[in-house]
Every structure is written in structure tokens, then in C-alpha cells.
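Containing CSV, C-alpha atoms and all ligand atoms: final13.csv.
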```
chain,number,residue,atom,x,y,z
A,1,MET,CA,8.7,12.0,-29.1
A,2,ILE,CA,9.6,8.9,-27.1
A,3,GLN,CA,6.8,6.3,-27.1
A,4,GLU,CA,5.8,5.1,-23.6
A,5,ALA,CA,5.8,1.4,-23.0
A,6,ARG,CA,2.6,-0.4,-24.0
A,7,ARG,CA,1.9,-1.4,-20.4
A,8,LEU,CA,1.2,2.2,-19.5
A,9,SER,CA,-1.9,2.1,-21.6
A,10,THR,CA,-3.3,-0.5,-19.3
A,11,VAL,CA,-3.5,1.9,-16.4
A,12,GLU,CA,-4.5,5.5,-15.6
A,13,GLU,CA,-2.8,7.9,-13.2
A,14,TYR,CA,-4.0,6.9,-9.7
A,15,TYR,CA,-7.4,8.6,-8.8
A,16,PHE,CA,-6.0,10.3,-5.7
A,17,SER,CA,-3.0,11.6,-7.5
A,18,LYS,CA,-5.2,13.3,-10.1
A,19,LYS,CA,-8.0,14.4,-7.7
A,20,LEU,CA,-5.7,15.7,-5.0
A,21,ARG,CA,-3.9,17.9,-7.7
A,22,GLU,CA,-7.3,19.4,-8.4
A,23,VAL,CA,-8.0,19.8,-4.7
A,24,ARG,CA,-4.5,21.5,-4.3
A,25,SER,CA,-5.3,23.9,-7.1
A,26,LEU,CA,-8.6,24.8,-5.4
A,27,VAL,CA,-6.6,25.5,-2.2
A,28,ALA,CA,-4.1,27.6,-4.2
A,29,LYS,CA,-7.1,29.7,-5.5
A,30,GLY,CA,-7.9,30.4,-1.8
A,31,LYS,CA,-10.8,27.8,-1.4
A,32,PRO,CA,-11.1,26.7,2.3
A,33,ILE,CA,-11.0,23.0,1.3
A,34,ILE,CA,-11.7,20.4,4.0
A,35,ASN,CA,-10.1,17.1,2.8
A,36,MET,CA,-12.1,14.1,4.1
A,37,GLY,CA,-11.0,12.0,1.2
A,38,ILE,CA,-7.6,10.5,2.0
A,39,GLY,CA,-6.5,8.0,4.8
A,40,SER,CA,-3.3,9.7,5.7
A,41,PRO,CA,-3.1,9.9,9.5
A,42,ASP,CA,-2.8,13.5,10.7
A,43,LEU,CA,-1.8,12.5,14.2
A,44,LYS,CA,1.9,12.1,15.0
A,45,PRO,CA,3.8,9.0,15.8
A,46,SER,CA,4.6,8.7,19.5
A,47,LYS,CA,7.4,10.9,21.0
A,48,VAL,CA,9.7,7.9,21.7
A,49,VAL,CA,9.4,6.8,18.1
A,50,ILE,CA,10.6,10.2,16.8
A,51,GLU,CA,13.3,10.2,19.4
A,52,ALA,CA,14.5,6.8,18.4
A,53,LEU,CA,14.9,8.0,14.8
A,54,GLN,CA,16.7,11.2,15.9
A,55,THR,CA,19.2,9.5,18.3
A,56,SER,CA,19.9,6.7,15.8
A,57,MET,CA,21.4,9.3,13.4
A,58,ASN,CA,24.7,9.2,15.3
A,59,ASP,CA,25.1,5.4,15.1
A,60,ALA,CA,28.1,4.2,13.1
A,61,SER,CA,26.1,2.5,10.3
A,62,ALA,CA,23.2,5.0,10.2
A,63,HIS,CA,23.9,6.4,6.8
A,64,GLN,CA,25.1,3.3,5.0
A,65,TYR,CA,23.3,0.9,2.8
A,66,GLN,CA,21.1,-1.4,4.8
A,67,SER,CA,20.3,-5.1,4.6
A,68,TYR,CA,17.7,-6.1,2.0
A,69,GLN,CA,16.0,-8.0,4.8
A,70,GLY,CA,15.9,-5.2,7.3
A,71,LEU,CA,17.7,-5.1,10.7
A,72,PRO,CA,17.6,-8.3,12.7
A,73,GLU,CA,16.1,-6.3,15.6
A,74,LEU,CA,13.3,-5.1,13.4
A,75,ARG,CA,12.4,-8.6,12.3
A,76,ALA,CA,12.6,-9.7,15.9
A,77,ALA,CA,10.3,-6.9,17.0
A,78,ILE,CA,7.8,-7.8,14.2
A,79,SER,CA,7.9,-11.4,15.3
A,80,GLU,CA,7.2,-10.5,18.9
A,81,PHE,CA,4.4,-8.1,17.9
A,82,TYR,CA,2.7,-10.8,15.8
A,83,VAL,CA,2.8,-13.3,18.7
A,84,LYS,CA,1.4,-10.7,21.1
A,85,TYR,CA,-1.4,-9.3,19.0
A,86,PHE,CA,-2.3,-12.0,16.5
A,87,GLY,CA,-1.1,-15.2,18.3
A,88,VAL,CA,1.0,-16.0,15.2
A,89,ALA,CA,4.5,-17.4,15.5
A,90,LEU,CA,6.9,-16.3,12.7
A,91,ASP,CA,10.5,-17.1,12.4
A,92,PRO,CA,12.3,-13.8,12.3
A,93,GLU,CA,15.1,-15.2,10.1
A,94,ASN,CA,13.0,-16.3,7.2
A,95,GLU,CA,9.2,-15.7,7.6
A,96,ILE,CA,9.3,-11.9,7.9
A,97,LEU,CA,10.4,-9.5,5.2
A,98,PRO,CA,10.2,-5.7,6.0
A,99,LEU,CA,9.0,-3.5,3.2
A,100,MET,CA,8.9,0.2,2.3
A,101,GLY,CA,5.2,0.3,3.0
A,102,SER,CA,2.8,-2.5,2.1
A,103,LYS,CA,2.0,-0.8,-1.3
A,104,GLU,CA,5.4,-1.8,-2.7
A,105,GLY,CA,4.7,-5.3,-1.5
A,106,ILE,CA,1.7,-5.5,-3.8
A,107,MET,CA,4.0,-5.0,-6.8
A,108,HIS,CA,6.8,-7.3,-5.4
A,109,ILE,CA,4.4,-10.1,-4.7
A,110,SER,CA,2.8,-9.8,-8.1
A,111,MET,CA,6.2,-9.7,-9.9
A,112,ALA,CA,7.3,-12.7,-8.0
A,113,PHE,CA,4.3,-14.9,-8.8
A,114,LEU,CA,2.5,-13.7,-11.9
A,115,ASN,CA,3.2,-14.5,-15.5
A,116,GLU,CA,1.5,-12.7,-18.4
A,117,GLY,CA,-2.1,-14.0,-18.8
A,118,ASP,CA,-2.4,-15.3,-15.3
A,119,GLU,CA,-5.7,-14.4,-13.6
A,120,VAL,CA,-5.9,-12.5,-10.3
A,121,LEU,CA,-9.0,-12.4,-8.1
A,122,ILE,CA,-9.6,-8.9,-6.8
A,123,PRO,CA,-12.3,-7.6,-4.5
A,124,ASP,CA,-14.8,-5.1,-5.9
A,125,PRO,CA,-14.9,-2.7,-4.1
A,126,GLY,CA,-11.2,-2.8,-3.2
A,127,TYR,CA,-7.9,-1.0,-3.1
A,128,PRO,CA,-7.2,0.1,-6.7
A,129,THR,CA,-3.5,-0.8,-6.6
A,130,TYR,CA,-4.4,-4.6,-6.8
A,131,THR,CA,-5.9,-3.9,-10.3
A,132,SER,CA,-3.2,-1.5,-11.6
A,133,VAL,CA,-0.3,-3.7,-10.6
A,134,THR,CA,-2.0,-6.7,-12.1
A,135,LYS,CA,-2.5,-4.9,-15.4
A,136,LEU,CA,1.0,-3.4,-15.4
A,137,LEU,CA,2.3,-7.0,-15.4
A,138,GLY,CA,0.1,-8.2,-18.2
A,139,ALA,CA,-2.0,-10.4,-15.9
A,140,ILE,CA,-5.8,-10.3,-15.9
A,141,PRO,CA,-7.9,-8.9,-13.1
A,142,VAL,CA,-11.0,-11.0,-12.3
A,143,TYR,CA,-13.2,-9.2,-9.9
A,144,TYR,CA,-15.1,-10.9,-7.1
A,145,ASP,CA,-18.2,-9.1,-5.9
A,146,LEU,CA,-18.5,-7.8,-2.4
A,147,THR,CA,-22.0,-6.5,-1.8
A,148,GLU,CA,-24.0,-5.2,1.1
A,149,GLU,CA,-26.5,-8.1,0.7
A,150,ASN,CA,-23.6,-10.5,1.4
A,151,ALA,CA,-22.2,-8.3,4.2
A,152,TRP,CA,-19.2,-7.3,2.0
A,153,LEU,CA,-17.8,-10.9,2.2
A,154,PRO,CA,-16.8,-13.0,-0.8
A,155,ASP,CA,-19.4,-15.5,-2.0
A,156,LEU,CA,-17.2,-18.6,-2.2
A,157,ASP,CA,-20.1,-20.7,-3.7
A,158,ALA,CA,-20.3,-18.3,-6.6
A,159,LEU,CA,-16.5,-18.4,-7.0
A,160,GLU,CA,-16.6,-22.2,-7.1
A,161,GLN,CA,-18.9,-22.0,-10.1
A,162,GLN,CA,-16.2,-20.1,-12.1
A,163,ASP,CA,-13.3,-21.5,-14.0
A,164,LEU,CA,-10.4,-20.9,-11.6
A,165,SER,CA,-7.7,-22.8,-13.5
A,166,LYS,CA,-5.8,-19.7,-14.5
A,167,VAL,CA,-6.1,-17.9,-11.2
A,168,LYS,CA,-2.7,-17.5,-9.4
A,169,ILE,CA,-3.3,-14.9,-6.7
A,170,MET,CA,-6.4,-13.8,-4.7
A,171,TRP,CA,-6.2,-10.5,-3.0
A,172,LEU,CA,-8.0,-10.2,0.3
A,173,ASN,CA,-8.2,-7.2,2.6
A,174,TYR,CA,-9.8,-7.7,6.0
A,175,PRO,CA,-10.5,-5.5,7.8
A,176,HIS,CA,-11.8,-4.3,4.5
A,177,MET,CA,-11.1,-0.9,2.9
A,178,PRO,CA,-13.3,0.9,2.0
A,179,THR,CA,-16.3,-0.8,3.8
A,180,GLY,CA,-14.8,-1.4,7.3
A,181,THR,CA,-16.0,-5.1,7.3
A,182,LYS,CA,-14.1,-7.2,9.8
A,183,GLY,CA,-13.8,-10.5,8.1
A,184,GLY,CA,-13.1,-13.1,10.9
A,185,ILE,CA,-11.3,-16.3,11.5
A,186,ASN,CA,-14.2,-18.4,10.1
A,187,LEU,CA,-13.9,-16.6,6.8
A,188,PHE,CA,-10.1,-17.0,6.8
A,189,GLU,CA,-10.5,-20.8,7.4
A,190,LYS,CA,-12.8,-21.1,4.5
A,191,LEU,CA,-10.5,-19.1,2.2
A,192,VAL,CA,-7.5,-21.1,3.2
A,193,ALA,CA,-9.3,-24.3,2.3
A,194,PHE,CA,-10.5,-22.7,-1.0
A,195,ALA,CA,-6.9,-21.6,-1.9
A,196,LYS,CA,-5.5,-25.1,-1.1
A,197,LYS,CA,-8.2,-26.7,-3.3
A,198,HIS,CA,-7.5,-24.5,-6.2
A,199,GLN,CA,-3.7,-23.9,-5.7
A,200,ILE,CA,-4.1,-20.1,-5.4
A,201,LEU,CA,-1.8,-17.8,-3.4
A,202,LEU,CA,-4.0,-15.9,-1.0
A,203,VAL,CA,-2.7,-12.5,0.1
A,204,ASN,CA,-4.4,-10.7,3.0
A,205,ASP,CA,-3.6,-7.0,3.1
A,206,ASN,CA,-4.1,-6.1,6.7
A,207,PRO,CA,-3.1,-2.5,7.4
A,208,TYR,CA,-6.3,-1.5,9.3
A,209,SER,CA,-6.3,-4.2,12.1
A,210,PHE,CA,-5.7,-1.8,15.0
A,211,VAL,CA,-7.9,1.1,14.0
A,212,LEU,CA,-11.2,1.1,16.0
A,213,ASN,CA,-10.8,-2.7,16.3
A,214,ASP,CA,-10.4,-4.6,19.5
A,215,GLU,CA,-10.0,-8.0,17.8
A,216,PRO,CA,-7.1,-7.8,15.4
A,217,GLU,CA,-6.9,-10.9,13.3
A,218,SER,CA,-4.3,-12.4,11.0
A,219,ILE,CA,-5.0,-15.0,8.2
A,220,LEU,CA,-1.8,-16.7,9.3
A,221,SER,CA,-3.4,-17.8,12.6
A,222,VAL,CA,-5.4,-20.4,10.6
A,223,ASN,CA,-3.9,-23.8,10.7
A,224,GLY,CA,-1.9,-24.5,7.6
A,225,ALA,CA,-2.4,-21.0,6.3
A,226,LYS,CA,1.4,-20.5,5.7
A,227,ASP,CA,1.2,-23.1,2.9
A,228,VAL,CA,-0.9,-20.9,0.7
A,229,ALA,CA,-1.2,-17.5,2.3
A,230,LEU,CA,0.9,-14.3,2.7
A,231,GLU,CA,0.0,-11.3,4.8
A,232,LEU,CA,0.9,-7.7,4.3
A,233,ASN,CA,1.0,-5.4,7.2
A,234,SER,CA,2.1,-1.8,7.8
A,235,LEU,CA,3.0,0.8,10.4
A,236,SER,CA,1.3,3.5,8.3
A,237,LYS,CA,-2.1,3.5,10.0
A,238,THR,CA,-1.2,1.5,13.1
A,239,PHE,CA,1.5,3.9,14.3
A,240,ASN,CA,0.8,7.1,12.3
A,241,MET,CA,3.9,6.5,10.2
A,242,ALA,CA,2.4,6.6,6.7
A,243,GLY,CA,5.1,9.0,5.3
A,244,TRP,CA,7.9,6.9,6.8
A,245,ARG,CA,7.1,4.1,4.4
A,246,ILE,CA,7.4,1.0,6.5
A,247,GLY,CA,5.5,-2.3,6.3
A,248,MET,CA,6.1,-6.0,6.0
A,249,VAL,CA,5.2,-9.2,4.2
A,250,LEU,CA,4.9,-12.4,6.2
A,251,GLY,CA,4.6,-16.0,5.1
A,252,ASN,CA,6.6,-19.1,4.4
A,253,GLN,CA,10.3,-19.1,3.6
A,254,ARG,CA,9.9,-20.2,0.0
A,255,ASN,CA,7.4,-17.5,-0.9
A,256,LEU,CA,9.4,-14.8,0.9
A,257,ASN,CA,12.6,-15.8,-0.9
A,258,ALA,CA,10.8,-15.4,-4.2
A,259,ILE,CA,9.7,-11.9,-3.1
A,260,LEU,CA,13.2,-11.1,-1.9
A,261,LYS,CA,14.5,-12.0,-5.3
A,262,VAL,CA,12.4,-9.2,-6.8
A,263,LYS,CA,12.9,-6.7,-4.0
A,264,SER,CA,16.7,-7.1,-3.7
A,265,ASN,CA,17.0,-6.2,-7.4
A,266,MET,CA,14.9,-3.0,-6.9
A,267,ASP,CA,16.1,-1.2,-3.8
A,268,SER,CA,19.1,-1.1,-1.5
A,269,GLY,CA,17.6,-1.5,1.9
A,270,MET,CA,15.5,0.7,4.1
A,271,PHE,CA,16.8,3.9,5.8
A,272,TYR,CA,18.3,2.9,9.1
A,273,GLY,CA,16.6,5.6,11.2
A,274,ILE,CA,13.2,4.5,10.0
A,275,GLN,CA,13.9,1.0,11.0
A,276,LYS,CA,15.0,2.1,14.4
A,277,GLY,CA,11.8,4.2,14.8
A,278,ALA,CA,9.7,1.2,13.8
A,279,VAL,CA,11.5,-1.1,16.3
A,280,GLN,CA,10.6,1.4,19.0
A,281,ALA,CA,6.9,1.7,17.9
A,282,LEU,CA,6.5,-2.1,17.8
A,283,ASN,CA,8.2,-2.6,21.2
A,284,SER,CA,6.5,0.1,23.2
A,285,VAL,CA,2.7,-0.1,22.4
A,286,GLY,CA,1.4,0.4,25.9
A,287,ASP,CA,-1.8,2.5,25.7
A,288,TRP,CA,-1.1,3.6,22.2
A,289,PHE,CA,-4.1,2.0,20.5
A,290,VAL,CA,-6.5,3.0,23.3
A,291,ASN,CA,-5.4,6.6,22.9
A,292,ILE,CA,-5.5,7.0,19.1
A,293,ASN,CA,-8.8,5.1,19.0
A,294,GLU,CA,-10.4,7.5,21.5
A,295,THR,CA,-9.6,10.3,19.0
A,296,TYR,CA,-10.9,8.3,16.1
A,297,ARG,CA,-14.1,7.4,18.0
A,298,ARG,CA,-14.9,11.1,18.7
A,299,ARG,CA,-14.3,11.9,15.0
A,300,ARG,CA,-16.4,9.0,13.9
A,301,ALA,CA,-19.4,10.2,16.0
A,302,LEU,CA,-19.2,13.6,14.2
A,303,ILE,CA,-18.9,11.9,10.8
A,304,TYR,CA,-22.1,10.0,11.6
A,305,GLN,CA,-23.8,13.3,12.2
A,306,LEU,CA,-22.6,14.6,8.8
A,307,CYS,CA,-23.9,11.4,7.2
A,308,GLU,CA,-27.3,12.0,8.6
A,309,ILE,CA,-27.3,15.6,7.4
A,310,LEU,CA,-26.4,14.2,3.9
A,311,ASP,CA,-29.2,11.7,4.2
A,312,CYS,CA,-26.7,8.8,4.0
A,313,THR,CA,-27.0,5.5,5.9
A,314,TYR,CA,-24.0,3.6,7.4
A,315,ASP,CA,-23.2,0.5,9.4
A,316,LYS,CA,-21.9,1.1,13.0
A,317,ASP,CA,-20.5,-2.4,13.3
A,318,THR,CA,-17.4,-1.7,11.2
A,319,VAL,CA,-13.7,-1.0,11.9
A,320,GLY,CA,-10.8,0.9,10.3
A,321,MET,CA,-10.1,4.4,9.3
A,322,PHE,CA,-13.1,5.2,7.1
A,323,ILE,CA,-16.9,5.5,7.2
A,324,TRP,CA,-18.6,3.9,4.2
A,325,ALA,CA,-21.9,5.6,3.7
A,326,LYS,CA,-24.7,4.8,1.3
A,327,LEU,CA,-26.4,7.6,-0.7
A,328,SER,CA,-30.1,7.8,-0.2
A,329,SER,CA,-30.9,8.4,-3.8
A,330,ASN,CA,-29.6,6.1,-6.5
A,331,ARG,CA,-30.4,8.6,-9.1
A,332,VAL,CA,-27.3,10.6,-8.4
A,333,SER,CA,-23.9,9.0,-9.2
A,334,ALA,CA,-21.4,9.0,-6.3
A,335,GLU,CA,-18.9,11.0,-8.4
A,336,LYS,CA,-21.5,13.7,-9.2
A,337,PHE,CA,-22.5,13.8,-5.5
A,338,ILE,CA,-19.0,14.4,-4.3
A,339,ASP,CA,-18.2,16.9,-7.1
A,340,ASP,CA,-21.2,18.9,-6.2
A,341,ILE,CA,-20.1,19.0,-2.5
A,342,LEU,CA,-16.5,19.8,-3.6
A,343,TYR,CA,-17.5,22.8,-5.7
A,344,ASP,CA,-20.5,24.0,-3.5
A,345,LYS,CA,-19.1,23.4,0.0
A,346,ASP,CA,-15.4,23.1,-0.5
A,347,ILE,CA,-15.4,19.6,1.1
A,348,PHE,CA,-13.6,16.6,-0.5
A,349,ILE,CA,-15.1,13.2,0.1
A,350,THR,CA,-14.1,10.0,-1.9
A,351,PRO,CA,-16.7,8.6,-4.3
A,352,GLY,CA,-17.2,4.8,-3.8
A,353,THR,CA,-16.6,4.2,-7.5
A,354,VAL,CA,-12.9,4.7,-7.1
A,355,PHE,CA,-12.9,1.2,-5.5
A,356,GLY,CA,-14.9,-0.5,-8.3
A,357,LYS,CA,-18.3,-0.7,-9.8
A,358,ASN,CA,-19.9,-2.0,-6.6
A,359,GLY,CA,-18.9,1.2,-4.9
A,360,GLU,CA,-21.5,3.1,-7.0
A,361,GLY,CA,-24.1,4.7,-4.6
A,362,TYR,CA,-21.6,4.9,-1.8
A,363,ILE,CA,-19.1,7.5,-0.5
A,364,ARG,CA,-16.1,7.2,1.8
A,365,PHE,CA,-15.2,9.5,4.7
A,366,SER,CA,-11.7,9.5,6.2
A,367,LEU,CA,-11.2,9.8,10.0
A,368,CYS,CA,-7.9,11.6,9.4
A,369,VAL,CA,-9.6,15.0,9.9
A,370,THR,CA,-9.7,17.0,13.1
A,371,GLU,CA,-12.9,17.4,15.1
A,372,GLU,CA,-12.8,21.1,14.5
A,373,LYS,CA,-12.8,20.6,10.7
A,374,ILE,CA,-15.5,18.0,10.8
A,375,LYS,CA,-17.6,20.4,12.9
A,376,GLU,CA,-16.9,23.1,10.3
A,377,ALA,CA,-18.0,20.7,7.5
A,378,ILE,CA,-21.2,20.1,9.4
A,379,ASN,CA,-21.7,23.9,9.7
A,380,ARG,CA,-21.3,24.4,6.0
A,381,PHE,CA,-24.5,22.4,5.5
B,401,LIG,C1,-6.1,-1.5,1.6
B,401,LIG,C2,-4.8,-0.9,1.6
B,401,LIG,N1,-3.7,-1.6,1.4
B,401,LIG,C3,-2.4,-1.0,1.4
B,401,LIG,C4,-2.3,0.4,1.5
B,401,LIG,C5,-0.9,1.0,1.5
B,401,LIG,O1,-0.4,1.2,2.7
B,401,LIG,P1,1.1,1.5,3.0
B,401,LIG,O2,1.2,2.8,3.5
B,401,LIG,O3,1.6,0.4,4.0
B,401,LIG,O4,1.9,1.3,1.7
B,401,LIG,C6,-3.4,1.2,1.8
B,401,LIG,C7,-3.3,2.6,1.9
B,401,LIG,O5,-4.1,3.4,1.9
B,401,LIG,C8,-4.7,0.5,1.8
B,401,LIG,O6,-5.8,1.2,2.0
```
Show me the file's structure as C-alpha cells.
Amino acid sequence: MIQEARRLSTVEEYYFSKKLREVRSLVAKGKPIINMGIGSPDLKPSKVVIEALQTSMNDASAHQYQSYQGLPELRAAISEFYVKYFGVALDPENEILPLMGSKEGIMHISMAFLNEGDEVLIPDPGYPTYTSVTKLLGAIPVYYDLTEENAWLPDLDALEQQDLSKVKIMWLNYPHMPTGTKGGINLFEKLVAFAKKHQILLVNDNPYSFVLNDEPESILSVNGAKDVALELNSLSKTFNMAGWRIGMVLGNQRNLNAILKVKSNMDSGMFYGIQKGAVQALNSVGDWFVNINETYRRRRALIYQLCEILDCTYDKDTVGMFIWAKLSSNRVSAEKFIDDILYDKDIFITPGTVFGKNGEGYIRFSLCVTEEKIKEAINRF
């Protein structure tokens, strides 16, 4: 038997990878499962995006290895998109690095900047990948609490009381998954000042900025942010291209070069057709956000009804692809609550504990479910 590397004992298989296997096995047994757990857009990318991929297949270089830094026209399209929607100027030559989804960027950034034993500030609740990547690299997760009492925002005064001397990276994610909290420029300004004071690399993971949100914001719009901050963004949720795997990291040239050093040793460029589709998506927004958000708004209204049936409370002043709902009774654990619903009603919802200890007592509904299915879920109760 070949022994696995010791680093594997620091992590478990991703919750969704395990749970969705169970959900699939229930489906295979004929259970009519409604999956409200996962944030994988069920709506299609726009027609012109699909056509751009299709027609690009006959281009001379379509099937060759591609540049590690992406097509120049993709970087130009990202640059124009960031000026238009975030008011942020980025040099397409050296301040933009396209990625195969932002998830791989979490690993690349961590590999580029963390040494074993470095500490990493991670939001609780937050996206589980920040923790697993940190552990895989032998660095140490240090959680900062996000609580309803503090409007799901970091308590910088509390952080100032901690020994931050070993902290190298702080993960941020506004609009926040799973709570849908917006963040705001004021918060970003404070965080940039905090990062400068303590020499911490701030990374804002920003894939939800256009879902049910009229005021997209980038941390890079703060004066001097590029000195200490990177931003991850992605076409997964913004353009319904989650399976295409396309995202980006943005920041100063020095930091991006460090990330490129990792990335260029790990892959051989992104598939040409995907890049051409992405260019089309970024260049032809038009009414795209208005239209997809109309669908999400109708779904959200139905999920609110479901929350009420389940005696859960929720905050309407949130954005993004999920509804974060609070269970009425703190006697039941979130995991028990969702397992009961999975086995009794054939409905899968995500327990808040997947995102950290502060997720106990909460559950997360995805908006990637058709109105018909949400109505059916309501009927099952
Ligand atoms: C907070 C957060 N960051 C990053 C990702 C990864 O997105 P991508 O598809 O760009 O890799 C997700 C996906 O669910 C997410 O919720």
C-alpha cells in the first residue's frame, strides 16, 4: 500500500464532493431530489457567447497551447470591464492574470506567498477552500469571526488586539458567501489601512458582485489598494459559465509575477475557445445583468416563502446567489435539520456549518433552482 502524503491528513474531501455523491445515490434509487444546495448556475450563457466559442474552433491556433497569461484581447476585455463596472484602471499587460476559475487562484496565490507556519486570516463563516488550501501548504488558518451581531463584517478592533506578526494573507469575500453581506468601500478602506499597517496581503474574492447587486464594488478602487491587495473575480456566476472555468486575479505587477511563476509551472494555458467566449461575454453585457437578476429575484421571493414555512428568518438587504436563513430553534443542529429534510422531503439544502462554526444555526439556499422546483419544494411541506 502506498502511503499518502502527510499533507492529505490535514484536509478532508470537500463537503459538497461527499454530500453530492450521497444526493446522487438517492437520485439513482429513484428519489425525486430537489437540490437547493449548490451555487452552480442552471441558466445558460448568452447565445453570442456560445457562438463565439463555436466559431473560434476553426481559427488557426484554436487547438494549440495557449499563452500562460491568456490572450491579449481577453486581458483587454477584462481591463475595459473593470473600468466600466468598478471604476478601476488595470494595465492589461501586467495587472491582469486570467485563471481557470477563481478557485485555482486561491491555491496559486497561497503557493506564491505562504511558507510553512505562516498564519492566514480566514472568515468564519467563509468559503471552505481558503482553509483547505492553507492547510495543504502547511500554513495555519486563523479564523476571524463574522457574526450577525456585527452585521457579518470583520471586527477590526478585535483583530488589532491579536498578535498579527505571523499573518501573511487575509482572505476577504465581499459580497460575502454565504451570508450575502455587501461589504462596501468604507470597509475596504479600513481593511487596506489595516493591511498596510500589518504588512498583510489582502485578497478579496469577488465572484458575486453582479448577482442581485446594483452596486458592484472592487477593493482595488480604494486609493493605494494595489500596494497590498489582490482581487479574484470570475465569469462563473456573472455570466453563467461555471463549468467553463474562467476567472482572473488582479493586482500589482510584482504580485502577479509571483503568481504567474506558480501558475506557469502548473498548467499550459487556457483553452482558446473558452477565452474567445469570455471575451464575447465581457464585451457584450447590454441587459444581461438586468435579465438574469429578474429570474433570480422571482426565485428569491419563492425561497423567502419557503423560509417562512420552515420558520426561518432572513435578511432582505443582501446580495448574491444565496439566501442565508436562521433556524428558529437553536436546539436543532443545522446538519440534523438539513438531513431530516433530505431524508423526509427529498430536498437538499446546505447546512451553515459547512462554512465554519459561526454557521451553526443557519442554512443556505441556492438560487440556482427553477421556480417550478421551488414551488414543488414548497408543496412538499
Ligand atoms: C466565495 C467563492 N469563491 C470562489 C468560488 C469559486 O468560483 P470559480 O468558479 O470562479 O472557481 C466560489 C464558488 O462557489 C465561491 O463561492
Exercise answer, 6 Å around ligand LIG 401 (chain B) with all atoms listed in the file, as a PDB file with C-alpha atoms, in the coordinates of the input:
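Output (part-v6.pdb):
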```pdb
ATOM      1  CA  GLY A  39      -6.500   8.000   4.800  1.00  0.00           C
ATOM      2  CA  GLY A 101       5.200   0.300   3.000  1.00  0.00           C
ATOM      3  CA  SER A 102       2.800  -2.500   2.100  1.00  0.00           C
ATOM      4  CA  LYS A 103       2.000  -0.800  -1.300  1.00  0.00           C
ATOM      5  CA  TYR A 127      -7.900  -1.000  -3.100  1.00  0.00           C
ATOM      6  CA  MET A 177     -11.100  -0.900   2.900  1.00  0.00           C
ATOM      7  CA  ASP A 205      -3.600  -7.000   3.100  1.00  0.00           C
ATOM      8  CA  SER A 234       2.100  -1.800   7.800  1.00  0.00           C
ATOM      9  CA  SER A 236       1.300   3.500   8.300  1.00  0.00           C
ATOM     10  CA  ALA A 242       2.400   6.600   6.700  1.00  0.00           C
ATOM     11  CA  GLY A 247       5.500  -2.300   6.300  1.00  0.00           C
TER      12      GLY A 247
END
```
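With only C-alpha atoms as the atoms that count, the minimum distance from Leu20 of chain A to the choices A:Leu71, A:Ala258, A:Ile219, A:Ile349 is reached by A:Ile349.
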Give me the residues near segment 252-255 of chain A as a short mmCIF file (atom, residue, chain, number, x, y, z; two decimals) with C-alpha atoms, in the frame of the given file, where near means some atom within 7 Å (using all atoms listed in the file) and where sequence neighbours in that chain fewer than 4 positions away do not count.
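This is the output file selection29.cif:
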```
data_model
loop_
_atom_site.label_atom_id
_atom_site.label_comp_id
_atom_site.auth_asym_id
_atom_site.auth_seq_id
_atom_site.Cartn_x
_atom_site.Cartn_y
_atom_site.Cartn_z
CA ASN A 94 13.00 -16.30 7.20
CA GLU A 95 9.20 -15.70 7.60
CA LYS A 226 1.40 -20.50 5.70
CA ASP A 227 1.20 -23.10 2.90
CA ILE A 259 9.70 -11.90 -3.10
#
```
Segment 161-166 of chain A environment, 9 Å, only C-alpha atoms, sequence neighbours closer than 5 positions dropped, as a PyMOL selection string: chain A and resi 117-120+156+198-200
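You can rank A:Ala77, A:Val203, A:Met36, A:Ile50 by their closest distance to Val23 of chain A using all atoms listed in the file, and at the top of that list sits A:Met36.
For the atom pair formed by atom CA of Phe271 of chain A and atom CA of Asn291 of chain A, the distance is 28.2 Å, given to one decimal.
The interatomic distance for the pair atom CA of Val369 of chain A and atom CA of Thr181 of chain A works out to 21.3 Å.
Using all atoms listed in the file, the nearest neighbour of Val88 of chain A within the list A:Ser221, A:Lys182, A:Met111, A:Lys168 is A:Ser221.
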Interatomic distance (Å, one decimal) between atom CA of Asn206 of chain A and atom CA of Ala229 of chain A: 12.6 Å
Nearest to Lys197 of chain A, chosen from A:Thr238, A:Val228, A:Leu302, A:Phe16, with all atoms listed in the file counted in the distances: A:Val228
Nearest to Met266 of chain A, chosen from A:Leu53, A:Arg380, A:Met107, A:Ser284, with all atoms listed in the file counted in the distances: A:Met107
Protein and nucleic acid residues near (3.4, -3.6, -10.1) (cut-off 9 Å, all atoms listed in the file) as a PyMOL selection string: chain A and resi 104-111+129-130+132-137
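The smallest atom-to-atom distance between Arg245 of chain A and any of A:Ala334, A:Val290, A:Leu191, A:Leu99, using only C-alpha atoms, is found for A:Leu99.
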Distance query Asn358 of chain A at most 10 Å, all atoms listed in the file, self and fewer than 6 positions along chain excluded, as JSON, numbers by chain: {"A": [123, 124, 125, 126, 145, 146, 147, 148, 352]}
